[in-house]
$ cat structure11.tsv   # TSV, C-alpha atoms
chain	number	residue	atom	x	y	z
C	148	MET	CA	50.16	-1.21	29.53
C	149	VAL	CA	46.89	-0.25	31.19
C	150	ILE	CA	44.89	0.19	27.97
C	151	PRO	CA	46.13	-3.06	26.35
C	152	SER	CA	45.29	-4.92	29.57
C	153	ILE	CA	41.76	-3.50	29.57
C	154	LEU	CA	41.35	-4.42	25.90
C	155	PHE	CA	42.61	-7.92	26.67
C	156	TYR	CA	39.97	-8.47	29.37
C	157	VAL	CA	37.28	-7.03	27.11
C	158	PHE	CA	38.43	-9.44	24.40
C	159	ILE	CA	38.13	-12.38	26.83
C	160	ALA	CA	34.54	-11.32	27.58
C	161	VAL	CA	33.76	-10.94	23.86
C	162	VAL	CA	35.11	-14.40	23.04
C	163	GLY	CA	33.19	-15.87	25.98
C	164	ILE	CA	29.91	-14.37	24.72
C	165	GLN	CA	30.60	-15.60	21.19
C	166	ILE	CA	31.31	-19.12	22.42
C	167	VAL	CA	28.08	-19.16	24.44
C	168	TYR	CA	26.13	-18.07	21.35
C	169	TYR	CA	27.71	-20.63	19.04
C	170	LEU	CA	27.39	-23.48	21.52
C	171	SER	CA	23.72	-22.55	21.97
C	172	PHE	CA	23.25	-22.53	18.19
C	173	LEU	CA	25.17	-25.80	17.83
C	174	PHE	CA	23.14	-27.78	20.33
C	175	SER	CA	19.76	-26.17	19.69
C	176	PHE	CA	19.86	-26.55	15.90
C	177	GLY	CA	23.25	-27.32	14.35
C	178	ILE	CA	23.41	-31.00	15.31
C	179	LYS	CA	19.65	-31.61	15.24
C	180	ARG	CA	18.26	-33.88	12.56
C	181	PRO	CA	15.01	-32.99	10.77
C	182	GLU	CA	11.99	-34.57	12.39
C	183	THR	CA	9.84	-36.85	10.25
C	184	GLN	CA	6.24	-35.68	10.24
C	185	GLN	CA	3.09	-37.47	9.14
C	186	LYS	CA	1.85	-36.37	5.71
C	187	LYS	CA	-1.44	-34.53	6.15
C	188	HIS	CA	-2.56	-33.19	2.72
C	189	ILE	CA	-4.67	-30.54	4.40
C	190	PRO	CA	-6.16	-27.91	2.02
C	191	ILE	CA	-3.44	-25.34	1.25
C	192	SER	CA	-3.45	-21.93	-0.41
C	193	VAL	CA	-0.07	-20.96	-1.90
C	194	ILE	CA	0.27	-17.17	-1.98
C	195	ILE	CA	2.64	-15.59	-4.52
C	196	CYS	CA	2.81	-11.80	-4.65
C	197	ALA	CA	4.68	-10.61	-7.75
C	198	LYS	CA	5.77	-7.26	-9.13
C	199	ASN	CA	7.33	-7.34	-12.61
C	200	GLU	CA	8.16	-11.05	-12.45
C	201	ALA	CA	6.87	-12.32	-15.81
C	202	GLU	CA	9.86	-14.53	-16.67
C	203	ASN	CA	10.15	-16.02	-13.18
C	204	LEU	CA	6.44	-16.84	-13.15
C	205	LYS	CA	6.70	-18.67	-16.48
C	206	LYS	CA	9.54	-20.75	-15.05
C	207	ASN	CA	8.29	-21.50	-11.52
C	208	ILE	CA	4.48	-21.71	-11.59
C	209	PRO	CA	4.58	-25.05	-13.50
C	210	LEU	CA	6.88	-26.45	-10.81
C	211	ILE	CA	4.38	-25.51	-8.11
C	212	LEU	CA	1.46	-26.86	-10.14
C	213	ASN	CA	3.36	-30.18	-10.38
C	214	GLN	CA	3.62	-30.58	-6.61
C	215	GLU	CA	2.58	-34.05	-5.45
C	216	TYR	CA	-0.17	-32.67	-3.27
C	217	SER	CA	-3.84	-33.52	-3.45
C	218	ASN	CA	-5.59	-30.32	-2.41
C	219	PHE	CA	-4.11	-26.88	-3.03
C	220	GLU	CA	-4.74	-23.63	-4.85
C	221	ILE	CA	-2.31	-20.98	-6.04
C	222	VAL	CA	-3.26	-17.37	-5.40
C	223	LEU	CA	-1.33	-15.15	-7.83
C	224	VAL	CA	-1.22	-11.53	-6.73
C	225	ASN	CA	-0.19	-8.97	-9.35
C	226	ASP	CA	1.13	-5.95	-7.45
C	227	SER	CA	0.70	-3.17	-10.03
C	228	SER	CA	3.24	-4.64	-12.45
C	229	TYR	CA	4.15	-2.79	-15.65
C	230	ASP	CA	5.68	-5.75	-17.52
C	231	ASP	CA	3.82	-8.87	-18.75
C	232	THR	CA	3.23	-10.26	-15.24
C	233	LEU	CA	-0.55	-9.84	-15.39
C	234	GLU	CA	-0.79	-11.45	-18.84
C	235	ILE	CA	1.27	-14.44	-17.68
C	236	MET	CA	-0.94	-14.82	-14.62
C	237	LYS	CA	-4.08	-14.66	-16.75
C	238	ALA	CA	-2.71	-17.38	-19.03
C	239	PHE	CA	-2.07	-19.72	-16.09
C	240	ASP	CA	-5.46	-18.84	-14.61
C	241	ALA	CA	-7.23	-19.74	-17.87
C	242	GLU	CA	-5.53	-23.16	-18.07
C	243	ASN	CA	-5.76	-24.28	-14.43
C	244	ASN	CA	-8.77	-24.64	-12.17
C	245	ASN	CA	-6.74	-24.30	-8.97
C	246	ILE	CA	-5.31	-20.86	-9.75
C	247	LYS	CA	-6.89	-17.66	-8.48
C	248	LEU	CA	-5.82	-14.26	-9.78
C	249	VAL	CA	-5.82	-11.06	-7.73
C	250	ASP	CA	-4.97	-7.92	-9.69
C	251	VAL	CA	-3.94	-5.13	-7.32
C	252	LYS	CA	-4.15	-1.64	-8.77
C	253	THR	CA	-1.95	1.20	-7.58
C	254	ASN	CA	-3.32	2.63	-4.34
C	255	GLU	CA	-1.99	6.04	-3.37
C	256	ALA	CA	-2.35	5.33	0.36
C	257	PHE	CA	-0.34	2.09	0.09
C	258	TRP	CA	1.91	2.86	-2.89
C	259	GLY	CA	4.96	0.60	-3.01
C	260	ASN	CA	3.74	-1.47	-0.05
C	261	LYS	CA	3.81	-5.22	-0.61
C	262	LYS	CA	1.78	-5.77	2.57
C	263	TYR	CA	-1.31	-4.23	0.99
C	264	ALA	CA	-1.12	-6.56	-2.00
C	265	LEU	CA	-0.44	-9.59	0.20
C	266	THR	CA	-3.44	-8.74	2.40
C	267	LEU	CA	-5.74	-8.78	-0.65
C	268	GLY	CA	-4.27	-12.11	-1.71
C	269	ILE	CA	-4.81	-13.61	1.75
C	270	LYS	CA	-8.40	-12.36	1.76
C	271	ALA	CA	-8.99	-13.98	-1.63
C	272	SER	CA	-7.60	-17.38	-0.58
C	273	LYS	CA	-10.18	-20.04	0.21
C	274	HIS	CA	-8.17	-22.23	2.61
C	275	ASP	CA	-7.11	-21.60	6.20
C	276	PHE	CA	-3.57	-22.94	5.77
C	277	LEU	CA	-1.36	-20.55	3.78
C	278	VAL	CA	2.08	-21.19	2.28
C	279	PHE	CA	4.10	-18.20	1.07
C	280	THR	CA	6.83	-18.01	-1.53
C	281	ASP	CA	8.13	-15.56	-4.13
C	282	ALA	CA	7.87	-15.59	-7.90
C	283	ASP	CA	11.62	-16.19	-8.28
C	284	CYS	CA	11.59	-19.20	-5.93
C	285	THR	CA	11.87	-22.77	-7.20
C	286	PRO	CA	10.67	-25.63	-4.97
C	287	ASN	CA	13.55	-27.99	-4.27
C	288	SER	CA	11.31	-31.01	-4.85
C	289	LYS	CA	7.78	-32.12	-5.68
C	290	GLN	CA	7.36	-32.77	-1.94
C	291	TRP	CA	7.73	-29.11	-0.95
C	292	LEU	CA	4.07	-28.63	0.00
C	293	VAL	CA	3.92	-32.04	1.66
C	294	GLN	CA	6.89	-31.19	3.86
C	295	MET	CA	5.74	-27.68	4.78
C	296	SER	CA	2.15	-28.63	5.54
C	297	SER	CA	3.11	-31.68	7.60
C	298	HIS	CA	4.22	-29.44	10.49
C	299	PHE	CA	0.81	-27.83	11.00
C	300	SER	CA	-1.18	-29.10	13.98
C	301	ASN	CA	-3.75	-27.90	16.48
C	302	GLU	CA	-0.88	-26.25	18.36
C	303	LYS	CA	1.45	-25.26	15.51
C	304	SER	CA	0.06	-22.43	13.39
C	305	ILE	CA	3.37	-21.16	11.95
C	306	VAL	CA	5.92	-23.12	9.89
C	307	LEU	CA	9.32	-21.59	9.15
C	308	GLY	CA	11.16	-22.96	6.12
C	309	TYR	CA	14.54	-22.41	4.49
C	310	GLY	CA	14.89	-20.24	1.41
C	311	ALA	CA	18.22	-20.98	-0.27
C	312	TYR	CA	19.92	-19.11	-3.10
C	313	ALA	CA	21.17	-20.75	-6.29
C	314	LYS	CA	24.90	-21.38	-6.56
C	315	LYS	CA	26.91	-19.46	-9.16
C	316	LYS	CA	30.42	-20.57	-10.07
C	317	PHE	CA	33.40	-18.24	-9.62
C	318	SER	CA	31.36	-15.56	-7.83
C	319	PHE	CA	32.51	-14.22	-4.47
C	320	LEU	CA	29.29	-12.20	-4.20
C	321	ASN	CA	27.27	-15.40	-4.59
C	322	GLN	CA	29.29	-17.09	-1.84
C	323	LEU	CA	28.77	-14.06	0.41
C	324	ILE	CA	25.01	-14.06	-0.22
C	325	ARG	CA	24.74	-17.77	0.51
C	326	PHE	CA	26.91	-17.44	3.63
C	327	GLU	CA	24.69	-14.65	4.97
C	328	THR	CA	21.61	-16.75	4.19
C	329	VAL	CA	22.97	-19.75	6.10
C	330	MET	CA	23.98	-17.59	9.08
C	331	THR	CA	20.56	-15.92	9.18
C	332	ALA	CA	18.81	-19.29	9.00
C	333	LEU	CA	21.10	-20.69	11.70
C	334	GLN	CA	19.99	-17.88	13.98
C	335	TYR	CA	16.25	-17.88	13.34
C	336	PHE	CA	16.02	-21.68	13.46
C	337	SER	CA	18.14	-21.79	16.63
C	338	TYR	CA	16.15	-19.09	18.37
C	339	ALA	CA	12.92	-20.88	17.46
C	340	LYS	CA	14.34	-24.17	18.80
C	341	MET	CA	15.17	-22.37	22.05
C	342	GLY	CA	11.59	-21.11	22.33
C	343	ILE	CA	12.17	-17.50	21.26
C	344	PRO	CA	11.31	-17.36	17.51
C	345	TYR	CA	11.84	-13.94	16.00
C	346	MET	CA	11.56	-14.09	12.18
C	347	GLY	CA	10.92	-16.08	9.03
C	348	VAL	CA	11.62	-15.48	5.34
C	349	GLY	CA	8.82	-14.79	2.86
C	350	ARG	CA	10.54	-17.03	0.30
C	351	ASN	CA	9.42	-20.07	2.29
C	352	MET	CA	7.06	-19.88	5.24
C	353	ALA	CA	3.51	-20.80	6.21
C	354	TYR	CA	0.86	-19.82	8.71
C	355	ARG	CA	-2.87	-20.05	9.29
C	356	LYS	CA	-5.18	-17.41	7.88
C	357	GLU	CA	-6.97	-17.37	11.23
C	358	LEU	CA	-3.73	-16.25	12.90
C	359	PHE	CA	-3.35	-13.45	10.37
C	360	PHE	CA	-6.82	-11.99	10.91
C	361	ASN	CA	-6.80	-12.50	14.68
C	362	ASN	CA	-3.69	-10.31	14.67
C	363	CYS	CA	-5.36	-7.70	12.41
C	364	GLY	CA	-2.95	-8.62	9.65
C	365	PHE	CA	-0.10	-6.21	9.07
C	366	SER	CA	-1.94	-3.26	10.61
C	367	ASN	CA	0.59	-2.66	13.40
C	368	HIS	CA	3.39	-2.11	10.90
C	369	MET	CA	1.61	-1.33	7.62
C	370	SER	CA	3.43	2.00	7.38
C	371	ILE	CA	6.78	0.17	7.25
C	372	LYS	CA	7.45	-0.84	3.64
C	373	SER	CA	9.36	-4.04	4.47
C	374	GLY	CA	8.68	-6.75	7.03
C	375	ASP	CA	5.69	-8.66	5.65
C	376	ASP	CA	7.58	-11.78	6.72
C	377	ASP	CA	9.92	-11.04	9.63
C	378	LEU	CA	7.91	-8.32	11.39
C	379	PHE	CA	4.72	-10.36	11.22
C	380	ILE	CA	6.43	-13.48	12.57
C	381	ASN	CA	8.18	-11.41	15.25
C	382	GLU	CA	4.79	-10.17	16.36
C	383	VAL	CA	2.77	-13.40	16.41
C	384	SER	CA	5.22	-16.27	16.98
C	385	ASN	CA	5.94	-17.88	20.31
C	386	ALA	CA	7.49	-21.04	21.75
C	387	SER	CA	4.34	-23.13	21.35
C	388	ASN	CA	2.88	-22.07	17.99
C	389	THR	CA	6.01	-22.22	15.77
C	390	ALA	CA	7.33	-25.28	13.91
C	391	LEU	CA	10.41	-25.69	11.71
C	392	SER	CA	10.75	-27.43	8.36
C	393	TYR	CA	14.32	-28.02	7.18
C	394	THR	CA	14.41	-31.26	5.24
C	395	LYS	CA	16.04	-30.69	1.85
C	396	ASP	CA	12.72	-31.45	0.10
C	397	SER	CA	11.17	-28.46	1.88
C	398	PHE	CA	13.70	-25.88	0.62
C	399	THR	CA	13.00	-23.25	-1.98
C	400	ILE	CA	15.79	-21.88	-4.19
C	401	SER	CA	15.87	-18.27	-5.39
C	402	GLU	CA	17.98	-16.45	-7.91
C	403	PRO	CA	20.49	-14.27	-6.02
C	404	LYS	CA	21.43	-10.70	-6.85
C	405	THR	CA	24.26	-10.45	-9.36
C	406	THR	CA	25.76	-7.09	-8.40
C	407	PHE	CA	26.91	-5.74	-5.04
C	408	LYS	CA	24.74	-2.64	-5.54
C	409	GLU	CA	21.54	-4.69	-5.94
C	410	TRP	CA	22.41	-6.90	-2.97
C	411	ILE	CA	23.23	-3.92	-0.72
C	412	LEU	CA	19.87	-2.31	-1.56
C	413	GLN	CA	18.10	-5.59	-0.75
C	414	LYS	CA	19.94	-5.92	2.59
C	415	ARG	CA	19.19	-2.30	3.46
C	416	ARG	CA	15.47	-3.07	3.27
C	417	HIS	CA	15.85	-6.25	5.30
C	418	ILE	CA	18.03	-4.74	8.03
C	419	SER	CA	15.80	-1.67	8.39
C	420	THR	CA	13.04	-3.79	9.92
C	421	ALA	CA	15.20	-5.08	12.81
C	422	ASN	CA	14.61	-1.82	14.71
C	423	PHE	CA	10.96	-2.86	15.09
C	424	TYR	CA	11.61	-6.31	16.57
C	425	LYS	CA	10.71	-7.02	20.18
C	426	LEU	CA	13.29	-5.58	22.56
C	427	LYS	CA	14.55	-8.99	23.70
C	428	HIS	CA	15.24	-9.95	20.09
C	429	GLN	CA	16.94	-6.63	19.37
C	430	PHE	CA	19.17	-7.14	22.41
C	431	LEU	CA	20.15	-10.73	21.56
C	432	LEU	CA	20.77	-10.03	17.87
C	433	GLY	CA	22.58	-6.79	18.65
C	434	LEU	CA	24.82	-8.44	21.23
C	435	PHE	CA	25.75	-11.18	18.78
C	436	TYR	CA	26.64	-8.69	16.05
C	437	ILE	CA	28.56	-6.31	18.33
C	438	THR	CA	30.63	-9.11	19.83
C	439	ASN	CA	31.31	-10.41	16.31
C	440	LEU	CA	32.59	-6.99	15.30
C	441	LEU	CA	34.64	-6.55	18.49
C	442	PHE	CA	36.12	-10.03	18.09
C	443	TRP	CA	37.72	-9.00	14.80
C	444	ILE	CA	38.71	-5.49	15.89
C	445	LEU	CA	40.17	-6.35	19.31
C	446	GLY	CA	41.70	-9.65	18.21
C	447	SER	CA	43.48	-8.00	15.29
C	448	ALA	CA	44.65	-5.03	17.37
C	449	LEU	CA	46.02	-7.16	20.21
C	450	LEU	CA	47.82	-9.50	17.81
C	451	ILE	CA	49.36	-6.54	15.95
C	452	ILE	CA	50.77	-5.00	19.12
C	453	GLY	CA	51.85	-8.44	20.32
C	454	PHE	CA	50.09	-8.22	23.71
C	455	SER	CA	49.89	-11.71	25.28
C	456	TRP	CA	49.79	-13.11	21.77
C	457	PRO	CA	49.75	-16.82	22.84
C	458	TRP	CA	46.57	-16.14	24.83
C	459	ILE	CA	45.04	-14.11	22.02
C	460	ALA	CA	45.88	-16.77	19.43
C	461	SER	CA	44.44	-19.48	21.67
C	462	LEU	CA	41.19	-17.57	22.23
C	463	VAL	CA	40.88	-16.80	18.52
C	464	GLY	CA	41.51	-20.45	17.67
C	465	LEU	CA	38.99	-21.72	20.24
C	466	ARG	CA	36.28	-19.38	18.97
C	467	PHE	CA	36.94	-20.35	15.33
C	468	VAL	CA	36.86	-24.09	16.10
C	469	ILE	CA	33.48	-23.84	17.84
C	470	GLN	CA	32.14	-21.55	15.12
C	471	TRP	CA	33.37	-23.91	12.40
C	472	LEU	CA	31.61	-26.84	14.06
C	473	CYS	CA	28.36	-24.91	14.37
C	474	PHE	CA	28.48	-23.47	10.86
C	475	GLY	CA	29.75	-26.73	9.38
C	476	PHE	CA	26.86	-28.84	10.69
C	477	THR	CA	24.38	-26.19	9.55
C	478	ALA	CA	25.96	-25.73	6.11
C	479	LYS	CA	25.86	-29.50	5.58
C	480	LYS	CA	22.18	-29.52	6.54
C	481	PHE	CA	21.48	-26.77	4.01
C	482	GLN	CA	23.72	-28.31	1.29
C	483	GLU	CA	26.18	-25.40	1.40
C	484	THR	CA	29.36	-27.29	2.34
C	485	ASP	CA	31.49	-25.37	-0.17
C	486	LEU	CA	31.25	-22.34	2.14
C	487	ILE	CA	32.81	-23.99	5.20
C	488	ILE	CA	36.45	-23.49	4.28
C	489	LEU	CA	35.85	-19.81	3.38
C	490	MET	CA	33.92	-19.01	6.56
C	491	PRO	CA	36.41	-16.57	8.22
C	492	ILE	CA	36.86	-14.51	5.04
C	493	LEU	CA	33.12	-14.43	4.33
C	494	GLU	CA	32.35	-13.49	7.93
C	495	LEU	CA	34.77	-10.56	7.85
C	496	PHE	CA	33.31	-9.24	4.59
C	497	LEU	CA	29.74	-9.71	5.88
C	498	ILE	CA	30.40	-7.89	9.16
C	499	THR	CA	32.01	-4.99	7.31
C	500	THR	CA	29.13	-4.82	4.84
C	501	GLN	CA	26.51	-4.91	7.59
C	502	LEU	CA	28.26	-2.07	9.41
C	503	SER	CA	28.18	0.07	6.26
C	504	ILE	CA	24.49	-0.76	5.79
C	505	PHE	CA	23.65	0.25	9.37
C	506	ILE	CA	25.37	3.58	8.79
C	507	ALA	CA	23.63	4.09	5.43
C	508	ASN	CA	20.23	3.34	6.97
C	509	LEU	CA	20.84	5.95	9.67
C	510	ILE	CA	21.36	8.54	6.95
C	511	SER	CA	18.45	7.57	4.67
C	512	LYS	CA	15.89	4.79	4.69
C	513	PRO	CA	14.95	2.50	1.75
C	514	LYS	CA	11.41	3.17	0.56
C	515	HIS	CA	9.89	0.36	-1.48
C	516	TRP	CA	9.75	-3.43	-1.55
C	517	LYS	CA	10.68	-3.75	-5.23

$ encode --input "structure11.tsv" --output "structure tokens"
Amino acid sequence: MVIPSILFYVFIAVVGIQIVYYLSFLFSFGIKRPETQQKKHIPISVIICAKNEAENLKKNIPLILNQEYSNFEIVLVNDSSYDDTLEIMKAFDAENNNIKLVDVKTNEAFWGNKKYALTLGIKASKHDFLVFTDADCTPNSKQWLVQMSSHFSNEKSIVLGYGAYAKKKFSFLNQLIRFETVMTALQYFSYAKMGIPYMGVGRNMAYRKELFFNNCGFSNHMSIKSGDDDLFINEVSNASNTALSYTKDSFTISEPKTTFKEWILQKRRHISTANFYKLKHQFLLGLFYITNLLFWILGSALLIIGFSWPWIASLVGLRFVIQWLCFGFTAKKFQETDLIILMPILELFLITTQLSIFIANLISKPKHWK
């Protein structure tokens, strides 16, 4: 009985840590309402770096051009595409005065590195306030730029937005992708609310050009293929310079991966950058994941052997209730309420997938951004 007793006390500690995390997330972000900001219409440069995205550009550039915003340019960066991306960009450039084209040729020293192409796009932009999105991202409204830019101020030089994924019917993979996206957003918005911002997503974020060049751009992690969004934000963000934009008008919506193989490759690139976060962020994120994993392993094992099962069931139930509240408020905020009922199943699949990705990344590292 000694080992089960030890496992039981470890399980109590794990549940306690999980509850502290979820209560922190709940009160720092989950139940918070979006703050109304004054519309500023400051000059904005929208940066879109694209590699082989001809069809997405044809679909989404008109939606950005139709933003109800008085002063903005779109900087289209062609990152050595081999489809019709450059031709599509040239066509938009010829028809619109507020489009600037940057054609990035293959550079052997920076081959496959999106950061190099982005840096050239940032240098070419004429405004100090930069908004970033991807070619496959659709603004959720004509007020997208209004909402994102309204959070800039003399103090706030970074704006973190929410990049959603489109819903696909009868697709468990789609539900899993959207669940992971909500959970990631819950964490990075919550941490930012608590004064310890650690990442943003390149699908929807903004910062000042001055901040970029004062930090020498991506130079501290240029050799790392991924991380133009999260590693940069991890490096330059702090409690005072980071604002959040999470009204539904400020969302962008991207097309999700349609096969598990494509999604796993994408997540491998994303997860590989976490090793380069600040140590405090690595510790907090690592502790949350490890206790998540142990919650499922220890809870299942103790219930199977029947050790103090009323206590185990009560602890499991308490943790799930608090998690459901936290996730439920957040999912409602992000218009993902269909995921709430499936949360335990999706969490178990996500934890298992992340564990396999961690192991795969230890064996071999993903190389390129696209």

$ closest_residue --input "structure11.tsv" --among "C:Asn287, C:Phe505, C:Trp471, C:Arg466" --to "Val162 (chain C)" --atoms "all atoms listed in the file"
C:Arg466

$ residues_near_point --input "structure11.tsv" --point "(5.1, -35.6, 8.1)" --cutoff "12 Å" --atoms "all atoms listed in the file" --output "list of chain:residue names"
C:Pro181, C:Glu182, C:Thr183, C:Gln184, C:Gln185, C:Lys186, C:Lys187, C:His188, C:Ile189, C:Gln290, C:Trp291, C:Leu292, C:Val293, C:Gln294, C:Met295, C:Ser296, C:Ser297, C:His298, C:Phe299, C:Ser300, C:Leu391, C:Ser392, C:Tyr393, C:Thr394, C:Asp396, C:Ser397

$ write_last_selection --input "structure11.tsv" --atoms "C-alpha atoms" --output "PDB file, keeping the file's coordinate frame"
ATOM      1  CA  PRO C 181      15.010 -32.990  10.770  1.00  0.00           C
ATOM      2  CA  GLU C 182      11.990 -34.570  12.390  1.00  0.00           C
ATOM      3  CA  THR C 183       9.840 -36.850  10.250  1.00  0.00           C
ATOM      4  CA  GLN C 184       6.240 -35.680  10.240  1.00  0.00           C
ATOM      5  CA  GLN C 185       3.090 -37.470   9.140  1.00  0.00           C
ATOM      6  CA  LYS C 186       1.850 -36.370   5.710  1.00  0.00           C
ATOM      7  CA  LYS C 187      -1.440 -34.530   6.150  1.00  0.00           C
ATOM      8  CA  HIS C 188      -2.560 -33.190   2.720  1.00  0.00           C
ATOM      9  CA  ILE C 189      -4.670 -30.540   4.400  1.00  0.00           C
ATOM     10  CA  GLN C 290       7.360 -32.770  -1.940  1.00  0.00           C
ATOM     11  CA  TRP C 291       7.730 -29.110  -0.950  1.00  0.00           C
ATOM     12  CA  LEU C 292       4.070 -28.630   0.000  1.00  0.00           C
ATOM     13  CA  VAL C 293       3.920 -32.040   1.660  1.00  0.00           C
ATOM     14  CA  GLN C 294       6.890 -31.190   3.860  1.00  0.00           C
ATOM     15  CA  MET C 295       5.740 -27.680   4.780  1.00  0.00           C
ATOM     16  CA  SER C 296       2.150 -28.630   5.540  1.00  0.00           C
ATOM     17  CA  SER C 297       3.110 -31.680   7.600  1.00  0.00           C
ATOM     18  CA  HIS C 298       4.220 -29.440  10.490  1.00  0.00           C
ATOM     19  CA  PHE C 299       0.810 -27.830  11.000  1.00  0.00           C
ATOM     20  CA  SER C 300      -1.180 -29.100  13.980  1.00  0.00           C
ATOM     21  CA  LEU C 391      10.410 -25.690  11.710  1.00  0.00           C
ATOM     22  CA  SER C 392      10.750 -27.430   8.360  1.00  0.00           C
ATOM     23  CA  TYR C 393      14.320 -28.020   7.180  1.00  0.00           C
ATOM     24  CA  THR C 394      14.410 -31.260   5.240  1.00  0.00           C
ATOM     25  CA  ASP C 396      12.720 -31.450   0.100  1.00  0.00           C
ATOM     26  CA  SER C 397      11.170 -28.460   1.880  1.00  0.00           C
TER      27      SER C 397
END

$ closest_atom_pairs --input "structure11.tsv" --of "region 345-374 of chain C" --to "region 400-405 of chain C" --cutoff "12 Å" --atoms "all atoms listed in the file" --output "CSV"
residue,atom,partner,partner_atom,distance
C:Val348,CA,C:Ser401,CA,11.9
C:Gly349,CA,C:Ser401,CA,11.4
C:Arg350,CA,C:Ser401,CA,7.9
C:Asn351,CA,C:Ile400,CA,9.3

$ write_last_selection --input "structure11.tsv" --atoms "C-alpha atoms" --output "short mmCIF file (atom, residue, chain, number, x, y, z; two decimals), in the coordinates of the input"
data_model
loop_
_atom_site.label_atom_id
_atom_site.label_comp_id
_atom_site.auth_asym_id
_atom_site.auth_seq_id
_atom_site.Cartn_x
_atom_site.Cartn_y
_atom_site.Cartn_z
CA VAL C 348 11.62 -15.48 5.34
CA GLY C 349 8.82 -14.79 2.86
CA ARG C 350 10.54 -17.03 0.30
CA ASN C 351 9.42 -20.07 2.29
#

$ atom_distance --input "structure11.tsv" --atom1 "CA of Lys480 (chain C)" --atom2 "CA of Tyr338 (chain C)"
16.9 Å

$ closest_residue --input "structure11.tsv" --among "C:Asn301, C:Ser171, C:Ser447, C:Thr499" --to "Leu154 (chain C)" --atoms "only C-alpha atoms"
C:Ser447

$ residues_around --input "structure11.tsv" --residues "Gln470 (chain C)" --least-positions-apart "2" --cutoff "10 Å" --atoms "only C-alpha atoms" --output "list in words"
Gln165, Ile166, Tyr168, Tyr169, Leu170, Phe172, Leu173, Gly464, Leu465, Arg466, Phe467, Val468, Leu472, Cys473, Phe474, Gly475, Met490 and Pro491 of chain C

$ closest_residue --input "structure11.tsv" --among "C:Phe496, C:Phe481, C:Phe476, C:Trp443" --to "Val161 (chain C)" --atoms "only C-alpha atoms"
C:Trp443
